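Enquirer: Got a structure for you, target39.cif, holding mmCIF, C-alpha atoms and all ligand atoms.
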```cif
data_upload
#
loop_
_atom_site.label_atom_id
_atom_site.label_comp_id
_atom_site.auth_asym_id
_atom_site.auth_seq_id
_atom_site.Cartn_x
_atom_site.Cartn_y
_atom_site.Cartn_z
CA MET B 1 -7.00 0.07 -25.07
CA LEU B 2 -8.92 0.77 -21.87
CA SER B 3 -12.67 1.27 -21.56
CA LYS B 4 -13.71 4.58 -19.99
CA LYS B 5 -14.95 2.70 -16.93
CA MET B 6 -11.63 0.84 -16.56
CA GLU B 7 -9.67 4.08 -17.04
CA GLN B 8 -11.76 5.71 -14.30
CA GLU B 9 -11.32 2.79 -11.89
CA LEU B 10 -7.56 2.61 -12.48
CA ASN B 11 -7.36 6.34 -11.75
CA GLU B 12 -9.24 5.68 -8.50
CA GLN B 13 -6.69 2.98 -7.67
CA ILE B 14 -3.81 5.42 -8.27
CA ASN B 15 -5.46 7.67 -5.70
CA LYS B 16 -5.87 4.79 -3.22
CA GLU B 17 -2.19 3.83 -3.58
CA MET B 18 -1.17 7.48 -3.08
CA TYR B 19 -3.36 7.58 0.03
CA SER B 20 -1.64 4.40 1.27
CA ALA B 21 1.73 6.12 0.81
CA TYR B 22 0.44 9.16 2.70
CA LEU B 23 -0.96 7.02 5.53
CA TYR B 24 2.33 5.15 6.00
CA MET B 25 4.31 8.39 5.81
CA SER B 26 2.10 9.67 8.63
CA MET B 27 2.70 6.49 10.65
CA SER B 28 6.43 6.91 10.04
CA ALA B 29 6.30 10.47 11.38
CA HIS B 30 4.31 9.32 14.42
CA SER B 31 6.84 6.54 15.07
CA THR B 32 9.75 9.00 14.92
CA ASN B 33 7.85 11.28 17.24
CA THR B 34 7.28 8.54 19.81
CA GLY B 35 10.87 7.21 19.87
CA LEU B 36 10.45 4.22 17.53
CA PRO B 37 13.07 4.69 14.75
CA GLY B 38 12.74 1.09 13.51
CA PHE B 39 8.98 1.42 13.02
CA ALA B 40 9.60 4.81 11.37
CA ASN B 41 11.99 3.11 8.93
CA TRP B 42 9.56 0.26 8.19
CA PHE B 43 6.71 2.65 7.42
CA MET B 44 8.95 4.87 5.28
CA VAL B 45 9.97 1.82 3.20
CA GLN B 46 6.25 1.06 2.91
CA TYR B 47 5.65 4.64 1.76
CA HIS B 48 8.15 4.13 -1.10
CA GLU B 49 6.54 0.82 -2.06
CA GLU B 50 3.11 2.44 -2.23
CA MET B 51 4.45 5.23 -4.45
CA GLU B 52 5.88 2.49 -6.67
CA HIS B 53 2.41 0.85 -6.85
CA ALA B 54 0.82 4.17 -7.82
CA MET B 55 3.49 4.70 -10.50
CA LYS B 56 2.97 1.19 -11.93
CA ILE B 57 -0.70 1.99 -12.55
CA TYR B 58 0.17 5.50 -13.79
CA ASP B 59 2.56 4.00 -16.37
CA TYR B 60 0.04 1.32 -17.36
CA VAL B 61 -2.76 3.84 -18.01
CA ASN B 62 -0.36 5.92 -20.13
CA ASP B 63 0.95 2.85 -21.99
CA GLN B 64 -2.61 1.89 -22.86
CA GLY B 65 -3.32 5.33 -24.32
CA GLY B 66 -5.55 6.27 -21.39
CA LYS B 67 -5.70 9.56 -19.52
CA VAL B 68 -4.29 9.79 -16.01
CA LYS B 69 -6.43 12.03 -13.84
CA LEU B 70 -5.06 12.79 -10.40
CA LYS B 71 -7.42 13.55 -7.55
CA ALA B 72 -7.04 15.08 -4.09
CA ILE B 73 -5.54 12.76 -1.50
CA ASP B 74 -7.48 12.49 1.77
CA GLU B 75 -5.80 13.59 4.98
CA PRO B 76 -4.47 10.50 6.80
CA LEU B 77 -4.76 9.84 10.55
CA SER B 78 -1.86 11.39 12.43
CA THR B 79 -2.14 10.00 15.95
CA PHE B 80 -2.18 6.38 17.02
CA LYS B 81 -2.62 4.68 20.39
CA ASP B 82 0.49 2.51 20.11
CA ALA B 83 2.48 0.28 17.73
CA MET B 84 -0.24 -2.39 17.74
CA ASP B 85 -2.83 0.23 16.81
CA MET B 86 -0.70 1.30 13.81
CA PHE B 87 -0.37 -2.28 12.55
CA GLN B 88 -4.02 -3.13 13.12
CA LYS B 89 -4.96 -0.05 11.10
CA THR B 90 -2.37 -1.00 8.45
CA LEU B 91 -3.83 -4.51 8.13
CA LYS B 92 -7.37 -3.15 7.90
CA HIS B 93 -6.29 -0.70 5.21
CA GLU B 94 -4.50 -3.42 3.22
CA GLN B 95 -7.62 -5.61 3.39
CA PHE B 96 -9.53 -2.68 1.88
CA ILE B 97 -6.88 -2.38 -0.88
CA THR B 98 -7.05 -6.13 -1.57
CA LYS B 99 -10.83 -5.83 -2.00
CA SER B 100 -10.32 -2.91 -4.35
CA ILE B 101 -7.79 -4.86 -6.49
CA ASN B 102 -10.15 -7.85 -6.60
CA GLU B 103 -12.96 -5.60 -7.83
CA LEU B 104 -10.66 -4.28 -10.57
CA VAL B 105 -9.91 -7.87 -11.62
CA ASP B 106 -13.66 -8.61 -11.64
CA LEU B 107 -14.20 -5.62 -13.94
CA ALA B 108 -11.35 -6.68 -16.26
CA ILE B 109 -12.88 -10.17 -16.50
CA LYS B 110 -16.35 -8.73 -17.15
CA GLU B 111 -14.97 -6.50 -19.91
CA LYS B 112 -12.79 -9.32 -21.36
CA ASP B 113 -9.85 -6.94 -20.94
CA HIS B 114 -7.06 -9.52 -20.95
CA ALA B 115 -4.18 -7.01 -20.79
CA THR B 116 -5.53 -5.45 -17.60
CA GLN B 117 -6.21 -8.87 -16.10
CA ILE B 118 -2.56 -9.82 -16.65
CA PHE B 119 -1.34 -6.44 -15.39
CA LEU B 120 -3.38 -6.78 -12.18
CA GLN B 121 -1.99 -10.22 -11.32
CA TRP B 122 1.14 -8.56 -9.92
CA PHE B 123 -1.06 -6.60 -7.49
CA VAL B 124 -3.03 -9.71 -6.47
CA THR B 125 0.24 -11.41 -5.48
CA GLU B 126 1.59 -8.27 -3.83
CA GLN B 127 -1.50 -8.00 -1.61
CA ILE B 128 -0.90 -11.52 -0.27
CA GLU B 129 2.58 -10.35 0.80
CA GLU B 130 1.31 -7.05 2.23
CA GLU B 131 -1.33 -8.68 4.43
CA GLY B 132 1.12 -11.45 5.39
CA ASN B 133 3.74 -8.94 6.57
CA ASP B 134 1.17 -7.10 8.68
CA ASN B 135 -0.15 -10.33 10.22
CA ASP B 136 3.43 -11.38 11.09
CA ILE B 137 4.20 -8.11 12.84
CA ILE B 138 0.89 -8.15 14.72
CA ALA B 139 1.69 -11.71 15.90
CA LYS B 140 5.14 -10.58 17.08
CA LEU B 141 3.65 -7.60 18.93
CA LYS B 142 1.19 -9.96 20.64
CA LEU B 143 3.96 -12.38 21.57
CA ALA B 144 6.69 -9.96 22.64
CA GLY B 145 4.34 -7.30 23.95
CA ASP B 146 4.05 -3.79 22.63
CA LYS B 147 6.07 -2.11 25.32
CA GLY B 148 9.42 -2.41 27.11
CA ASN B 149 12.05 -4.88 25.91
CA GLY B 150 9.74 -6.69 23.51
CA LEU B 151 8.90 -3.48 21.68
CA PHE B 152 12.57 -2.47 21.65
CA MET B 153 13.51 -5.79 19.96
CA ILE B 154 10.78 -5.48 17.32
CA ASP B 155 11.78 -1.86 16.68
CA LYS B 156 15.34 -3.03 16.07
CA GLU B 157 14.16 -5.72 13.65
CA LEU B 158 11.93 -3.31 11.69
CA GLY B 159 14.88 -0.91 11.47
CA ALA B 160 16.67 -3.41 9.22
CA ARG B 161 14.07 -3.23 6.41
CA VAL B 162 15.61 -1.78 3.25
CA TYR B 163 13.81 -0.34 0.22
CA THR B 164 15.16 -1.47 -3.13
CA LEU B 165 14.34 0.71 -6.09
CA PRO B 166 12.78 -1.32 -8.92
CA ALA B 167 14.93 -1.43 -12.09
CA GLU B 168 12.22 0.07 -14.29
CA SER B 169 11.24 2.79 -11.79
CA THR B 170 10.22 6.19 -13.15
CA GLU B 171 10.18 7.83 -9.68
FE1 LIG B 201 -0.26 -0.85 -2.59
O1 LIG B 201 -0.32 -2.19 -1.39
FE2 LIG B 201 -0.52 -1.39 0.24
O2 LIG B 201 -1.84 -0.27 -0.04
#
```
Would you encode the structure as structure tokens?

Expert:
Amino acid sequence: MLSKKMEQELNEQINKEMYSAYLYMSMSAHSTNTGLPGFANWFMVQYHEEMEHAMKIYDYVNDQGGKVKLKAIDEPLSTFKDAMDMFQKTLKHEQFITKSINELVDLAIKEKDHATQIFLQWFVTEQIEEEGNDNDIIAKLKLAGDKGNGLFMIDKELGARVYTLPAESTE
């Protein structure tokens, strides 16, 4: 069973994950629009992953007998300076999400809500991977440059990312 406060904060997190999906969908559209199909693919895979995160929390709130309450999703940015700008904004956003997950864990500990603590561990681990991926791509963009041949090579690499639907998905 969830406390009212925990239910409210998990609903907020659903909204943040949906916003993440929306932001990366917008970056995917911008990438397509600026001739970067590999980046467009990478961000579209990220969009699907974020929807999966939102659905995980949605299912958890329901499983715990809580009430899911969906809120309006903010309009994401739609123009970006270049590929580096997109990934710097992505990293910054993921750092914000990591902070938000950590605050949820803090609340679960404070409330002695062991089920939610265990549930959130998956997200704690996932955020390490999310920030790591962004840092790697930023490093590559710095090394290879974010224009010309270097950008072309990175675009090709990001085009190979594939989204795998989780077995238990309800999407
Ligand atoms: Fe859901 O991890 Fe990104 O935002």

Enquirer: Dump the neighbourhood of ligand LIG 201 (chain B) as a list of chain:residue names: all residues within 6 Å, distances computed on only C-alpha atoms and all ligand atoms.

Expert: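 Final answer, ordered by chain and number: B:Glu17, B:Ser20, B:Glu50, B:His53, B:Glu94, B:Ile97, B:Gln127.
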
Enquirer: Find the residue from B:Lys67, B:Asp146, B:His93, B:Ile128 that sits nearest to Lys5 in chain B; use only C-alpha atoms when measuring.

Expert: B:Lys67

Enquirer: Between CA of Thr125 in chain B and CA of Ala83 in chain B, what is the distance in Å, rounded to a tenth?

Expert: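 We find that CA of Thr125 in chain B and CA of Ala83 in chain B lie 26.1 Å from each other.
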
Enquirer: Here is a test: counting only C-alpha atoms, which residue of B:Phe39, B:Phe96, B:Tyr58, B:Tyr19 is nearest to Ala160 in chain B?

Expert: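 Among the listed residues, the smallest separation from Ala160 in chain B belongs to B:Phe39.
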
Enquirer: Any idea what the distance is between CA of Thr90 in chain B and CA of Asp134 in chain B?

Expert: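 These atoms are spaced 7.1 Å apart.
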
Enquirer: I'd like the interatomic distance between CA of Asp106 in chain B and CA of Glu12 in chain B, to a tenth of an Å.

Expert: 15.3 Å

Enquirer: Select all residues near (2.6, 2.2, -19.5) (cut-off 12 Å, inclusive, file coordinates), counting all atoms listed in the file, and output them as a ChimeraX atom specification.

Expert: /B:1-2,54-68,115-116,119,168-170

Enquirer: Choose the residue, out of B:Glu126, B:Glu111, B:Asp136, B:Glu103, that has the smallest atom-to-atom separation from Glu9 in chain B; count all atoms listed in the file.

Expert: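 Closest to Glu9 in chain B of all the choices is B:Glu103.
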
Enquirer: If I put a ball of radius 10 Å at (3.3, 10.8, 16.1) in the file's coordinates, which residues poke into it when counting all atoms listed in the file, written as a list in words?

Expert: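 The distance filter leaves exactly Ser26, Met27, Ser28, Ala29, His30, Ser31, Thr32, Asn33, Thr34, Gly35, Leu36, Ala40, Leu77, Ser78, Thr79, Phe80, Lys81 and Asp82 of chain B.
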
Enquirer: So, counting only C-alpha atoms, which residue among B:Asn41, B:Ser3, B:Asn135, B:Gln117 is closest to Asp155 in chain B?

Expert: B:Asn41

Enquirer: Return the single residue from B:Asp85, B:His114, B:Ala167, B:Val105 that is closest to Lys142 in chain B, with distances computed using all atoms listed in the file.

Expert: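 That would be B:Asp85, the residue with the smallest distance to Lys142 in chain B.
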